[in-house]
>>> print(open('target-v3.txt').read())   # compact mmCIF, N, CA and C atoms
# COMPACT_ATOMS: atom_id res chain seq x y z
N MET A 1310 4.97 20.85 -3.69
CA MET A 1310 5.79 19.65 -3.69
C MET A 1310 5.91 19.14 -5.13
N SER A 1311 7.09 18.75 -5.52
CA SER A 1311 7.28 18.20 -6.85
C SER A 1311 6.78 16.76 -6.89
N GLN A 1312 6.54 16.29 -8.10
CA GLN A 1312 6.09 14.92 -8.26
C GLN A 1312 7.25 13.96 -8.04
N ARG A 1313 6.98 12.85 -7.38
CA ARG A 1313 7.98 11.80 -7.22
C ARG A 1313 7.38 10.50 -7.69
N ARG A 1314 8.23 9.63 -8.17
CA ARG A 1314 7.80 8.31 -8.62
C ARG A 1314 8.44 7.28 -7.70
N MET A 1315 7.62 6.33 -7.23
CA MET A 1315 8.13 5.29 -6.34
C MET A 1315 7.79 3.92 -6.93
N HIS A 1316 8.68 2.97 -6.67
CA HIS A 1316 8.43 1.59 -7.05
C HIS A 1316 7.50 1.00 -6.01
N GLY A 1317 6.35 0.51 -6.45
CA GLY A 1317 5.40 -0.09 -5.52
C GLY A 1317 4.09 -0.39 -6.21
N SER A 1318 3.15 -0.85 -5.43
CA SER A 1318 1.79 -1.10 -5.90
C SER A 1318 0.86 -0.27 -5.02
N CYS A 1319 -0.23 0.18 -5.61
CA CYS A 1319 -1.13 1.07 -4.88
C CYS A 1319 -2.58 0.70 -5.18
N VAL A 1320 -3.35 0.60 -4.11
CA VAL A 1320 -4.79 0.35 -4.21
C VAL A 1320 -5.51 1.39 -3.35
N SER A 1321 -6.81 1.54 -3.58
CA SER A 1321 -7.56 2.49 -2.76
C SER A 1321 -8.93 1.93 -2.42
N ARG A 1322 -9.48 2.47 -1.36
CA ARG A 1322 -10.86 2.18 -0.95
C ARG A 1322 -11.50 3.51 -0.64
N ASN A 1323 -12.60 3.80 -1.30
CA ASN A 1323 -13.30 5.07 -1.12
C ASN A 1323 -12.38 6.27 -1.33
N GLY A 1324 -11.46 6.16 -2.27
CA GLY A 1324 -10.56 7.27 -2.60
C GLY A 1324 -9.38 7.44 -1.68
N GLU A 1325 -9.21 6.56 -0.69
CA GLU A 1325 -8.09 6.61 0.24
C GLU A 1325 -7.11 5.50 -0.12
N ALA A 1326 -5.86 5.87 -0.42
CA ALA A 1326 -4.90 4.94 -1.00
C ALA A 1326 -3.95 4.32 0.01
N VAL A 1327 -3.56 3.09 -0.31
CA VAL A 1327 -2.53 2.35 0.39
C VAL A 1327 -1.42 2.08 -0.61
N LEU A 1328 -0.22 2.57 -0.30
CA LEU A 1328 0.95 2.34 -1.14
C LEU A 1328 1.76 1.22 -0.51
N MET A 1329 1.97 0.14 -1.27
CA MET A 1329 2.75 -1.00 -0.79
C MET A 1329 4.12 -0.94 -1.45
N VAL A 1330 5.16 -0.92 -0.62
CA VAL A 1330 6.53 -0.81 -1.11
C VAL A 1330 7.36 -1.96 -0.56
N GLY A 1331 8.41 -2.29 -1.28
CA GLY A 1331 9.31 -3.36 -0.87
C GLY A 1331 10.10 -3.84 -2.05
N PRO A 1332 11.08 -4.70 -1.80
CA PRO A 1332 11.92 -5.20 -2.89
C PRO A 1332 11.14 -6.09 -3.85
N SER A 1333 11.70 -6.30 -5.01
CA SER A 1333 11.11 -7.19 -6.00
C SER A 1333 10.87 -8.56 -5.37
N GLY A 1334 9.69 -9.11 -5.61
CA GLY A 1334 9.35 -10.42 -5.07
C GLY A 1334 8.80 -10.40 -3.67
N SER A 1335 8.61 -9.22 -3.08
CA SER A 1335 8.12 -9.15 -1.69
C SER A 1335 6.61 -9.33 -1.58
N GLY A 1336 5.90 -9.34 -2.71
CA GLY A 1336 4.47 -9.60 -2.67
C GLY A 1336 3.58 -8.39 -2.90
N LYS A 1337 4.12 -7.31 -3.42
CA LYS A 1337 3.34 -6.09 -3.62
C LYS A 1337 2.15 -6.32 -4.55
N SER A 1338 2.43 -6.84 -5.74
CA SER A 1338 1.36 -7.05 -6.72
C SER A 1338 0.39 -8.12 -6.26
N ASP A 1339 0.90 -9.18 -5.63
CA ASP A 1339 0.03 -10.24 -5.14
C ASP A 1339 -0.91 -9.72 -4.06
N LEU A 1340 -0.38 -8.93 -3.14
CA LEU A 1340 -1.23 -8.36 -2.09
C LEU A 1340 -2.25 -7.39 -2.70
N ALA A 1341 -1.82 -6.62 -3.69
CA ALA A 1341 -2.76 -5.72 -4.39
C ALA A 1341 -3.89 -6.54 -5.00
N LEU A 1342 -3.57 -7.65 -5.64
CA LEU A 1342 -4.59 -8.50 -6.25
C LEU A 1342 -5.57 -9.03 -5.20
N ARG A 1343 -5.05 -9.43 -4.05
CA ARG A 1343 -5.93 -9.93 -2.98
C ARG A 1343 -6.81 -8.81 -2.41
N LEU A 1344 -6.27 -7.60 -2.34
CA LEU A 1344 -7.08 -6.47 -1.87
C LEU A 1344 -8.15 -6.09 -2.89
N ILE A 1345 -7.80 -6.15 -4.16
CA ILE A 1345 -8.79 -5.88 -5.22
C ILE A 1345 -9.94 -6.87 -5.11
N ALA A 1346 -9.64 -8.13 -4.82
CA ALA A 1346 -10.68 -9.16 -4.66
C ALA A 1346 -11.58 -8.85 -3.47
N ARG A 1347 -11.10 -8.01 -2.55
CA ARG A 1347 -11.88 -7.63 -1.36
C ARG A 1347 -12.50 -6.24 -1.49
N GLY A 1348 -12.57 -5.72 -2.71
CA GLY A 1348 -13.29 -4.47 -2.94
C GLY A 1348 -12.44 -3.23 -3.10
N PHE A 1349 -11.13 -3.33 -3.01
CA PHE A 1349 -10.26 -2.18 -3.25
C PHE A 1349 -10.16 -1.94 -4.75
N ASP A 1350 -9.78 -0.73 -5.13
CA ASP A 1350 -9.55 -0.37 -6.52
C ASP A 1350 -8.06 -0.33 -6.80
N LEU A 1351 -7.65 -0.80 -7.96
CA LEU A 1351 -6.27 -0.65 -8.40
C LEU A 1351 -6.01 0.81 -8.73
N VAL A 1352 -4.92 1.36 -8.25
CA VAL A 1352 -4.47 2.68 -8.65
C VAL A 1352 -3.26 2.53 -9.56
N ALA A 1353 -2.26 1.78 -9.11
CA ALA A 1353 -1.04 1.61 -9.90
C ALA A 1353 -0.30 0.37 -9.46
N ASP A 1354 0.41 -0.23 -10.39
CA ASP A 1354 1.28 -1.36 -10.09
C ASP A 1354 2.64 -1.10 -10.71
N ASP A 1355 3.67 -1.33 -9.97
CA ASP A 1355 5.07 -1.18 -10.37
C ASP A 1355 5.58 0.25 -10.17
N GLN A 1356 4.95 1.23 -10.77
CA GLN A 1356 5.38 2.62 -10.65
C GLN A 1356 4.21 3.48 -10.18
N VAL A 1357 4.41 4.20 -9.09
CA VAL A 1357 3.35 5.04 -8.52
C VAL A 1357 3.83 6.48 -8.51
N ASN A 1358 3.04 7.37 -9.07
CA ASN A 1358 3.33 8.81 -9.05
C ASN A 1358 2.68 9.42 -7.83
N ILE A 1359 3.41 10.29 -7.13
CA ILE A 1359 2.90 10.94 -5.93
C ILE A 1359 3.15 12.44 -6.04
N ARG A 1360 2.09 13.21 -5.86
CA ARG A 1360 2.20 14.67 -5.86
C ARG A 1360 1.16 15.22 -4.89
N ASP A 1361 1.63 16.00 -3.92
CA ASP A 1361 0.74 16.61 -2.93
C ASP A 1361 -0.19 15.57 -2.28
N ASN A 1362 0.38 14.44 -1.89
CA ASN A 1362 -0.33 13.34 -1.24
C ASN A 1362 -1.44 12.72 -2.09
N MET A 1363 -1.36 12.94 -3.39
CA MET A 1363 -2.26 12.27 -4.33
C MET A 1363 -1.43 11.27 -5.12
N VAL A 1364 -1.97 10.06 -5.30
CA VAL A 1364 -1.26 9.02 -6.04
C VAL A 1364 -1.98 8.77 -7.36
N SER A 1365 -1.17 8.40 -8.35
CA SER A 1365 -1.72 8.08 -9.67
C SER A 1365 -0.74 7.16 -10.39
N CYS A 1366 -1.10 6.79 -11.60
CA CYS A 1366 -0.27 5.92 -12.42
C CYS A 1366 0.01 6.62 -13.74
N SER A 1367 1.16 6.34 -14.31
CA SER A 1367 1.47 6.90 -15.62
C SER A 1367 0.49 6.33 -16.65
N ALA A 1368 0.23 7.07 -17.70
CA ALA A 1368 -0.74 6.65 -18.71
C ALA A 1368 -0.38 5.30 -19.33
N GLU A 1369 0.91 5.06 -19.56
CA GLU A 1369 1.30 3.80 -20.21
C GLU A 1369 1.12 2.57 -19.33
N LEU A 1370 1.04 2.74 -18.01
CA LEU A 1370 0.86 1.61 -17.09
C LEU A 1370 -0.53 1.56 -16.46
N ALA A 1371 -1.38 2.52 -16.75
CA ALA A 1371 -2.70 2.62 -16.12
C ALA A 1371 -3.52 1.35 -16.35
N GLY A 1372 -3.99 0.77 -15.27
CA GLY A 1372 -4.84 -0.41 -15.33
C GLY A 1372 -4.10 -1.72 -15.50
N LEU A 1373 -2.77 -1.68 -15.53
CA LEU A 1373 -1.99 -2.90 -15.71
C LEU A 1373 -1.49 -3.43 -14.37
N LEU A 1374 -1.60 -4.74 -14.18
CA LEU A 1374 -1.11 -5.38 -12.96
C LEU A 1374 -0.41 -6.67 -13.36
N GLU A 1375 0.78 -6.89 -12.80
CA GLU A 1375 1.50 -8.13 -13.07
C GLU A 1375 1.10 -9.19 -12.05
N ALA A 1376 0.58 -10.28 -12.56
CA ALA A 1376 0.23 -11.42 -11.71
C ALA A 1376 1.23 -12.52 -12.01
N ARG A 1377 2.15 -12.75 -11.08
CA ARG A 1377 3.19 -13.76 -11.33
C ARG A 1377 2.55 -15.10 -11.66
N GLY A 1378 3.10 -15.74 -12.66
CA GLY A 1378 2.57 -17.01 -13.12
C GLY A 1378 1.52 -16.85 -14.20
N LEU A 1379 0.96 -15.62 -14.35
CA LEU A 1379 -0.02 -15.34 -15.39
C LEU A 1379 0.51 -14.35 -16.41
N GLY A 1380 1.16 -13.31 -15.93
CA GLY A 1380 1.63 -12.24 -16.80
C GLY A 1380 0.99 -10.92 -16.43
N ILE A 1381 0.92 -10.02 -17.38
CA ILE A 1381 0.36 -8.69 -17.14
C ILE A 1381 -1.09 -8.68 -17.61
N VAL A 1382 -1.97 -8.23 -16.73
CA VAL A 1382 -3.40 -8.18 -17.04
C VAL A 1382 -3.89 -6.74 -16.96
N ARG A 1383 -4.95 -6.45 -17.69
CA ARG A 1383 -5.58 -5.12 -17.65
C ARG A 1383 -6.82 -5.21 -16.78
N LEU A 1384 -6.90 -4.33 -15.80
CA LEU A 1384 -8.02 -4.31 -14.85
C LEU A 1384 -8.61 -2.90 -14.78
N PRO A 1385 -9.84 -2.80 -14.29
CA PRO A 1385 -10.37 -1.46 -14.01
C PRO A 1385 -9.48 -0.79 -12.97
N TYR A 1386 -9.39 0.54 -13.03
CA TYR A 1386 -8.51 1.24 -12.09
C TYR A 1386 -9.09 2.60 -11.73
N ARG A 1387 -8.57 3.15 -10.66
CA ARG A 1387 -8.93 4.50 -10.21
C ARG A 1387 -7.78 5.41 -10.63
N ALA A 1388 -8.08 6.52 -11.27
CA ALA A 1388 -7.04 7.40 -11.80
C ALA A 1388 -6.21 8.08 -10.71
N THR A 1389 -6.85 8.53 -9.64
CA THR A 1389 -6.15 9.19 -8.55
C THR A 1389 -6.80 8.84 -7.22
N ALA A 1390 -6.02 8.95 -6.15
CA ALA A 1390 -6.54 8.73 -4.80
C ALA A 1390 -5.64 9.46 -3.82
N HIS A 1391 -6.15 9.72 -2.63
CA HIS A 1391 -5.40 10.39 -1.57
C HIS A 1391 -4.56 9.36 -0.82
N LEU A 1392 -3.26 9.60 -0.70
CA LEU A 1392 -2.38 8.68 0.00
C LEU A 1392 -2.63 8.75 1.50
N ALA A 1393 -3.06 7.63 2.08
CA ALA A 1393 -3.40 7.58 3.50
C ALA A 1393 -2.48 6.67 4.31
N LEU A 1394 -1.83 5.69 3.66
CA LEU A 1394 -1.06 4.69 4.39
C LEU A 1394 0.02 4.10 3.49
N ILE A 1395 1.18 3.83 4.08
CA ILE A 1395 2.24 3.10 3.39
C ILE A 1395 2.45 1.78 4.12
N VAL A 1396 2.47 0.69 3.35
CA VAL A 1396 2.71 -0.64 3.90
C VAL A 1396 4.05 -1.11 3.34
N GLU A 1397 5.01 -1.35 4.24
CA GLU A 1397 6.32 -1.87 3.84
C GLU A 1397 6.28 -3.39 3.90
N LEU A 1398 6.73 -4.00 2.81
CA LEU A 1398 6.82 -5.46 2.71
C LEU A 1398 8.28 -5.81 2.50
N GLY A 1399 8.69 -6.95 2.97
CA GLY A 1399 10.07 -7.34 2.71
C GLY A 1399 10.62 -8.30 3.72
N PRO A 1400 11.88 -8.63 3.55
CA PRO A 1400 12.53 -9.59 4.45
C PRO A 1400 12.75 -9.02 5.84
N ARG A 1401 12.90 -9.91 6.80
CA ARG A 1401 13.13 -9.49 8.19
C ARG A 1401 14.39 -8.66 8.36
N SER A 1402 15.33 -8.76 7.42
CA SER A 1402 16.58 -7.99 7.53
C SER A 1402 16.30 -6.48 7.49
N LEU A 1403 15.15 -6.08 6.97
CA LEU A 1403 14.79 -4.66 6.93
C LEU A 1403 14.10 -4.22 8.22
N GLY A 1404 13.81 -5.15 9.10
CA GLY A 1404 13.14 -4.84 10.35
C GLY A 1404 12.08 -5.88 10.63
N PRO A 1405 11.52 -5.87 11.83
CA PRO A 1405 10.57 -6.91 12.20
C PRO A 1405 9.25 -6.79 11.44
N LEU A 1406 8.79 -7.90 10.89
CA LEU A 1406 7.47 -7.98 10.28
C LEU A 1406 6.50 -8.48 11.32
N ASN A 1407 5.28 -8.02 11.25
CA ASN A 1407 4.23 -8.49 12.15
C ASN A 1407 4.62 -8.33 13.61
N GLU A 1408 5.32 -7.25 13.92
CA GLU A 1408 5.69 -6.97 15.31
C GLU A 1408 4.41 -6.82 16.12
N ARG A 1409 4.40 -7.36 17.33
CA ARG A 1409 3.17 -7.37 18.14
C ARG A 1409 2.71 -5.97 18.50
N MET A 1410 3.59 -5.12 18.98
CA MET A 1410 3.22 -3.76 19.39
C MET A 1410 4.17 -2.74 18.75
N PRO A 1411 4.05 -2.51 17.46
CA PRO A 1411 4.97 -1.57 16.80
C PRO A 1411 4.74 -0.14 17.26
N GLU A 1412 5.80 0.63 17.24
CA GLU A 1412 5.70 2.05 17.55
C GLU A 1412 5.11 2.78 16.34
N PRO A 1413 4.36 3.84 16.55
CA PRO A 1413 3.85 4.61 15.42
C PRO A 1413 5.01 5.14 14.57
N GLN A 1414 4.87 5.07 13.25
CA GLN A 1414 5.88 5.58 12.32
C GLN A 1414 5.20 6.45 11.27
N ILE A 1415 5.88 7.52 10.91
CA ILE A 1415 5.43 8.41 9.85
C ILE A 1415 6.52 8.44 8.79
N HIS A 1416 6.15 8.30 7.53
CA HIS A 1416 7.13 8.34 6.45
C HIS A 1416 7.78 9.72 6.42
N PRO A 1417 9.11 9.81 6.43
CA PRO A 1417 9.79 11.10 6.54
C PRO A 1417 9.56 12.04 5.35
N LEU A 1418 9.34 11.51 4.17
CA LEU A 1418 9.13 12.36 3.00
C LEU A 1418 7.66 12.58 2.66
N LEU A 1419 6.83 11.58 2.93
CA LEU A 1419 5.44 11.65 2.51
C LEU A 1419 4.48 12.01 3.63
N GLY A 1420 4.94 11.93 4.88
CA GLY A 1420 4.14 12.39 6.01
C GLY A 1420 2.91 11.57 6.33
N CYS A 1421 2.86 10.32 5.93
CA CYS A 1421 1.71 9.50 6.29
C CYS A 1421 2.18 8.26 7.07
N PRO A 1422 1.26 7.58 7.76
CA PRO A 1422 1.64 6.44 8.59
C PRO A 1422 2.24 5.29 7.78
N VAL A 1423 3.14 4.56 8.43
CA VAL A 1423 3.81 3.41 7.83
C VAL A 1423 3.63 2.21 8.75
N VAL A 1424 3.26 1.07 8.17
CA VAL A 1424 3.23 -0.19 8.91
C VAL A 1424 4.00 -1.23 8.11
N ARG A 1425 4.50 -2.26 8.80
CA ARG A 1425 5.21 -3.37 8.15
C ARG A 1425 4.36 -4.62 8.29
N ILE A 1426 4.09 -5.26 7.16
CA ILE A 1426 3.23 -6.44 7.15
C ILE A 1426 3.88 -7.50 6.27
N ASP A 1427 3.76 -8.75 6.67
CA ASP A 1427 4.23 -9.88 5.86
C ASP A 1427 3.15 -10.16 4.82
N ALA A 1428 3.45 -9.89 3.55
CA ALA A 1428 2.47 -10.05 2.48
C ALA A 1428 2.01 -11.49 2.32
N ALA A 1429 2.84 -12.46 2.75
CA ALA A 1429 2.49 -13.87 2.61
C ALA A 1429 1.53 -14.36 3.69
N ALA A 1430 1.34 -13.59 4.74
CA ALA A 1430 0.43 -14.02 5.81
C ALA A 1430 -1.00 -14.11 5.27
N PRO A 1431 -1.72 -15.15 5.65
CA PRO A 1431 -3.10 -15.29 5.17
C PRO A 1431 -3.98 -14.07 5.51
N SER A 1432 -3.71 -13.44 6.63
CA SER A 1432 -4.53 -12.29 7.04
C SER A 1432 -4.00 -10.96 6.52
N ALA A 1433 -3.00 -10.96 5.66
CA ALA A 1433 -2.40 -9.70 5.18
C ALA A 1433 -3.43 -8.73 4.60
N PRO A 1434 -4.35 -9.16 3.73
CA PRO A 1434 -5.33 -8.19 3.21
C PRO A 1434 -6.20 -7.58 4.31
N GLU A 1435 -6.60 -8.39 5.25
CA GLU A 1435 -7.43 -7.88 6.35
C GLU A 1435 -6.63 -6.93 7.23
N ARG A 1436 -5.34 -7.22 7.44
CA ARG A 1436 -4.50 -6.31 8.24
C ARG A 1436 -4.34 -4.98 7.54
N VAL A 1437 -4.15 -5.01 6.22
CA VAL A 1437 -4.03 -3.75 5.47
C VAL A 1437 -5.33 -2.96 5.58
N ALA A 1438 -6.47 -3.61 5.40
CA ALA A 1438 -7.76 -2.92 5.51
C ALA A 1438 -7.96 -2.33 6.90
N LEU A 1439 -7.59 -3.08 7.93
CA LEU A 1439 -7.72 -2.59 9.30
C LEU A 1439 -6.76 -1.43 9.56
N ALA A 1440 -5.52 -1.54 9.06
CA ALA A 1440 -4.56 -0.45 9.21
C ALA A 1440 -5.05 0.82 8.52
N LEU A 1441 -5.68 0.67 7.36
CA LEU A 1441 -6.24 1.84 6.68
C LEU A 1441 -7.34 2.47 7.53
N ASP A 1442 -8.21 1.64 8.10
CA ASP A 1442 -9.26 2.16 8.98
C ASP A 1442 -8.67 2.91 10.17
N CYS A 1443 -7.59 2.37 10.74
CA CYS A 1443 -6.93 3.04 11.86
C CYS A 1443 -6.31 4.36 11.41
N ALA A 1444 -5.64 4.35 10.26
CA ALA A 1444 -5.00 5.57 9.75
C ALA A 1444 -6.02 6.67 9.48
N LEU A 1445 -7.22 6.27 9.08
CA LEU A 1445 -8.28 7.24 8.78
C LEU A 1445 -9.09 7.63 10.01
N GLY A 1446 -8.79 7.00 11.16
CA GLY A 1446 -9.52 7.31 12.38
C GLY A 1446 -10.88 6.65 12.47
N LEU A 1447 -11.14 5.65 11.64
CA LEU A 1447 -12.42 4.95 11.66
C LEU A 1447 -12.44 3.87 12.74
N VAL A 1448 -11.26 3.42 13.14
CA VAL A 1448 -11.11 2.43 14.21
C VAL A 1448 -10.11 3.00 15.20
N THR A 1449 -10.42 2.94 16.48
CA THR A 1449 -9.54 3.43 17.52
C THR A 1449 -8.62 2.31 17.99
N GLN A 1450 -7.35 2.62 18.09
CA GLN A 1450 -6.39 1.63 18.55
C GLN A 1450 -5.94 1.98 19.97
N VAL A 1451 -5.86 0.99 20.82
CA VAL A 1451 -5.47 1.18 22.21
C VAL A 1451 -3.95 1.20 22.35
N ALA A 1452 -3.26 0.31 21.64
CA ALA A 1452 -1.78 0.24 21.68
C ALA A 1452 -1.28 -0.20 20.33
N GLY A 1453 -0.13 0.28 19.94
CA GLY A 1453 0.46 -0.15 18.68
C GLY A 1453 0.69 0.99 17.70
N ALA A 1454 0.70 0.65 16.42
CA ALA A 1454 1.12 1.54 15.33
C ALA A 1454 0.31 2.83 15.20
N PHE A 1455 -0.94 2.83 15.66
CA PHE A 1455 -1.79 4.01 15.50
C PHE A 1455 -2.28 4.56 16.84
N ALA A 1456 -1.72 4.07 17.94
CA ALA A 1456 -2.15 4.54 19.26
C ALA A 1456 -1.62 5.95 19.49
N ALA A 1457 -2.44 6.76 20.07
CA ALA A 1457 -2.06 8.15 20.33
C ALA A 1457 -1.21 8.26 21.58
>>> encode(input="target-v3.txt", output="structure tokens")
Amino acid sequence: MSQRRMHGSCVSRNGEAVLMVGPSGSGKSDLALRLIARGFDLVADDQVNIRDNMVSCSAELAGLLEARGLGIVRLPYRATAHLALIVELGPRSLGPLNERMPEPQIHPLLGCPVVRIDAAAPSAPERVALALDCALGLVTQVAGAFAA
């Protein structure tokens, strides 16, 4: 597979990455910052490189995160991680956010699970962490996005 670059923010936990995608202002960097505060590692902000389900950041952006209202900050980061989950953020016009019982979705090009979460929700970081656990098979889901 050739390398592709996507606009988004990416964090990881134990080497398993969550790629957050959505339009400008949808909360990607803010949600990444909240996840970092909960023990996730920064992989990339703004531009994410993907090759063979591994994510990384370009050298010129490595460790940089934009915090609106503060500017661009340099943080510790993880050089590479395995892509395990994609979280779509954005307006309702792109589809329902926080749907009660979403159908399982797989990204057509990247082959990993996709969930839609409202980044502004107070529980958004916890939902992302739980979705990652479900995607990795650490938590069993009875109905919804990861139900078999």
>>> atom_distance(input="target-v3.txt", atom1="atom N of Gln1414 (chain A)", atom2="atom C of Phe1455 (chain A)")
8.0 Å
>>> atom_distance(input="target-v3.txt", atom1="atom C of Cys1421 (chain A)", atom2="atom C of Leu1392 (chain A)")
7.4 Å
>>> closest_residue(input="target-v3.txt", among="A:Pro1434, A:Gly1399, A:Pro1422, A:Pro1411", to="Gly1336 (chain A)", atoms="only N, CA and C atoms")
A:Gly1399
>>> atom_distance(input="target-v3.txt", atom1="CA of Leu1398 (chain A)", atom2="CA of Arg1425 (chain A)")
6.0 Å
>>> residues_near_point(input="target-v3.txt", point="(-5.4, -14.2, -6.3)", cutoff="12 Å", atoms="only C-alpha atoms", output="ChimeraX atom specification")
/A:1336,1338-1347,1374-1379,1429,1431,1434
>>> select_by_dssp(input="target-v3.txt", residues="chain A", states="strand (DSSP E)", output="ChimeraX atom specification")
/A:1313-1322,1325-1330,1350-1360,1363-1365,1373-1376,1380-1383,1389-1397,1423-1425
>>> residues_around(input="target-v3.txt", residues="Val1357 (chain A)", least_positions_apart="2", cutoff="6 Å", atoms="only N, CA and C atoms", output="compact mmCIF listing (two decimals) with N, CA and C atoms, in the frame of the given file")
# COMPACT_ATOMS: atom_id res chain seq x y z
N ARG A 1313 6.98 12.85 -7.38
CA ARG A 1313 7.98 11.80 -7.22
C ARG A 1313 7.38 10.50 -7.69
N ARG A 1314 8.23 9.63 -8.17
CA ARG A 1314 7.80 8.31 -8.62
C ARG A 1314 8.44 7.28 -7.70
N MET A 1315 7.62 6.33 -7.23
CA MET A 1315 8.13 5.29 -6.34
C MET A 1315 7.79 3.92 -6.93
N HIS A 1316 8.68 2.97 -6.67
CA HIS A 1316 8.43 1.59 -7.05
C HIS A 1316 7.50 1.00 -6.01
N GLY A 1317 6.35 0.51 -6.45
CA GLY A 1317 5.40 -0.09 -5.52
C GLY A 1317 4.09 -0.39 -6.21
N ALA A 1353 -2.26 1.78 -9.11
CA ALA A 1353 -1.04 1.61 -9.90
C ALA A 1353 -0.30 0.37 -9.46
N ASP A 1354 0.41 -0.23 -10.39
CA ASP A 1354 1.28 -1.36 -10.09
C ASP A 1354 2.64 -1.10 -10.71
N ASP A 1355 3.67 -1.33 -9.97
CA ASP A 1355 5.07 -1.18 -10.37
C ASP A 1355 5.58 0.25 -10.17
N ILE A 1359 3.41 10.29 -7.13
CA ILE A 1359 2.90 10.94 -5.93
C ILE A 1359 3.15 12.44 -6.04
N SER A 1365 -1.17 8.40 -8.35
CA SER A 1365 -1.72 8.08 -9.67
C SER A 1365 -0.74 7.16 -10.39
N CYS A 1366 -1.10 6.79 -11.60
CA CYS A 1366 -0.27 5.92 -12.42
C CYS A 1366 0.01 6.62 -13.74
>>> residues_around(input="target-v3.txt", residues="Ala1393 (chain A)", least_positions_apart="4", cutoff="6.5 Å", atoms="all atoms listed in the file", output="PyMOL selection string")
chain A and resi 1325-1328+1421-1422+1444
>>> axis_aligned_box(input="target-v3.txt", around="region 1340-1359 of chain A", padding_each_side="8 Å", output="AutoDock Vina command-line options")
--center_x -3.9 --center_y 1.3 --center_z -6.1 --size_x 34.9 --size_y 38.4 --size_z 25.4
>>> closest_residue(input="target-v3.txt", among="A:Gly1324, A:Pro1413, A:Gly1420, A:Pro1385", to="Gly1453 (chain A)", atoms="all atoms listed in the file")
A:Pro1413
>>> closest_residue(input="target-v3.txt", among="A:Ile1381, A:Val1320, A:Tyr1386, A:Glu1397", to="Ala1428 (chain A)", atoms="all atoms listed in the file")
A:Glu1397
>>> closest_residue(input="target-v3.txt", among="A:Val1424, A:Pro1332, A:Pro1417, A:Ala1368", to="Ala1440 (chain A)", atoms="all atoms listed in the file")
A:Val1424
>>> select_by_dssp(input="target-v3.txt", residues="region 1312-1449 of chain A", states="helix (DSSP H, G or I)", output="list of chain:residue names")
A:Lys1337, A:Ser1338, A:Asp1339, A:Leu1340, A:Ala1341, A:Leu1342, A:Arg1343, A:Leu1344, A:Ile1345, A:Ala1346, A:Arg1401, A:Ser1402, A:Leu1403, A:Ala1433, A:Pro1434, A:Glu1435, A:Arg1436, A:Val1437, A:Ala1438, A:Leu1439, A:Ala1440, A:Leu1441, A:Asp1442, A:Cys1443, A:Ala1444
>>> residues_near_point(input="target-v3.txt", point="(-11.1, 0.0, -7.3)", cutoff="6 Å", atoms="all atoms listed in the file", output="PDB file with N, CA and C atoms, keeping the file's coordinate frame")
ATOM      1  N   SER A1321      -6.810   1.540  -3.580  1.00  0.00           N
ATOM      2  CA  SER A1321      -7.560   2.490  -2.760  1.00  0.00           C
ATOM      3  C   SER A1321      -8.930   1.930  -2.420  1.00  0.00           C
ATOM      4  N   GLY A1348     -12.570  -5.720  -2.710  1.00  0.00           N
ATOM      5  CA  GLY A1348     -13.290  -4.470  -2.940  1.00  0.00           C
ATOM      6  C   GLY A1348     -12.440  -3.230  -3.100  1.00  0.00           C
ATOM      7  N   PHE A1349     -11.130  -3.330  -3.010  1.00  0.00           N
ATOM      8  CA  PHE A1349     -10.260  -2.180  -3.250  1.00  0.00           C
ATOM      9  C   PHE A1349     -10.160  -1.940  -4.750  1.00  0.00           C
ATOM     10  N   ASP A1350      -9.780  -0.730  -5.130  1.00  0.00           N
ATOM     11  CA  ASP A1350      -9.550  -0.370  -6.520  1.00  0.00           C
ATOM     12  C   ASP A1350      -8.060  -0.330  -6.800  1.00  0.00           C
ATOM     13  N   LEU A1351      -7.650  -0.800  -7.960  1.00  0.00           N
ATOM     14  CA  LEU A1351      -6.270  -0.650  -8.400  1.00  0.00           C
ATOM     15  C   LEU A1351      -6.010   0.810  -8.730  1.00  0.00           C
ATOM     16  N   PRO A1385      -9.840  -2.800 -14.290  1.00  0.00           N
ATOM     17  CA  PRO A1385     -10.370  -1.460 -14.010  1.00  0.00           C
ATOM     18  C   PRO A1385      -9.480  -0.790 -12.970  1.00  0.00           C
ATOM     19  N   TYR A1386      -9.390   0.540 -13.030  1.00  0.00           N
ATOM     20  CA  TYR A1386      -8.510   1.240 -12.090  1.00  0.00           C
ATOM     21  C   TYR A1386      -9.090   2.600 -11.730  1.00  0.00           C
ATOM     22  N   ARG A1387      -8.570   3.150 -10.660  1.00  0.00           N
ATOM     23  CA  ARG A1387      -8.930   4.500 -10.210  1.00  0.00           C
ATOM     24  C   ARG A1387      -7.780   5.410 -10.630  1.00  0.00           C
TER      25      ARG A1387
END
>>> build_atoms(input="target-v3.txt", residues="region 1372-1376 of chain A", atoms="N, CA, C and O atoms", output="compact mmCIF listing (two decimals), in the frame of the given file")
# COMPACT_ATOMS: atom_id res chain seq x y z
N GLY A 1372 -3.99 0.77 -15.27
CA GLY A 1372 -4.84 -0.41 -15.33
C GLY A 1372 -4.10 -1.72 -15.50
O GLY A 1372 -4.72 -2.78 -15.58
N LEU A 1373 -2.77 -1.68 -15.53
CA LEU A 1373 -1.99 -2.90 -15.71
C LEU A 1373 -1.49 -3.43 -14.37
O LEU A 1373 -1.01 -2.66 -13.54
N LEU A 1374 -1.60 -4.74 -14.18
CA LEU A 1374 -1.11 -5.38 -12.96
C LEU A 1374 -0.41 -6.67 -13.36
O LEU A 1374 -0.93 -7.44 -14.17
N GLU A 1375 0.78 -6.89 -12.80
CA GLU A 1375 1.50 -8.13 -13.07
C GLU A 1375 1.10 -9.19 -12.05
O GLU A 1375 1.26 -8.99 -10.85
N ALA A 1376 0.58 -10.28 -12.56
CA ALA A 1376 0.23 -11.42 -11.71
C ALA A 1376 1.23 -12.52 -12.01
O ALA A 1376 1.18 -13.11 -13.10
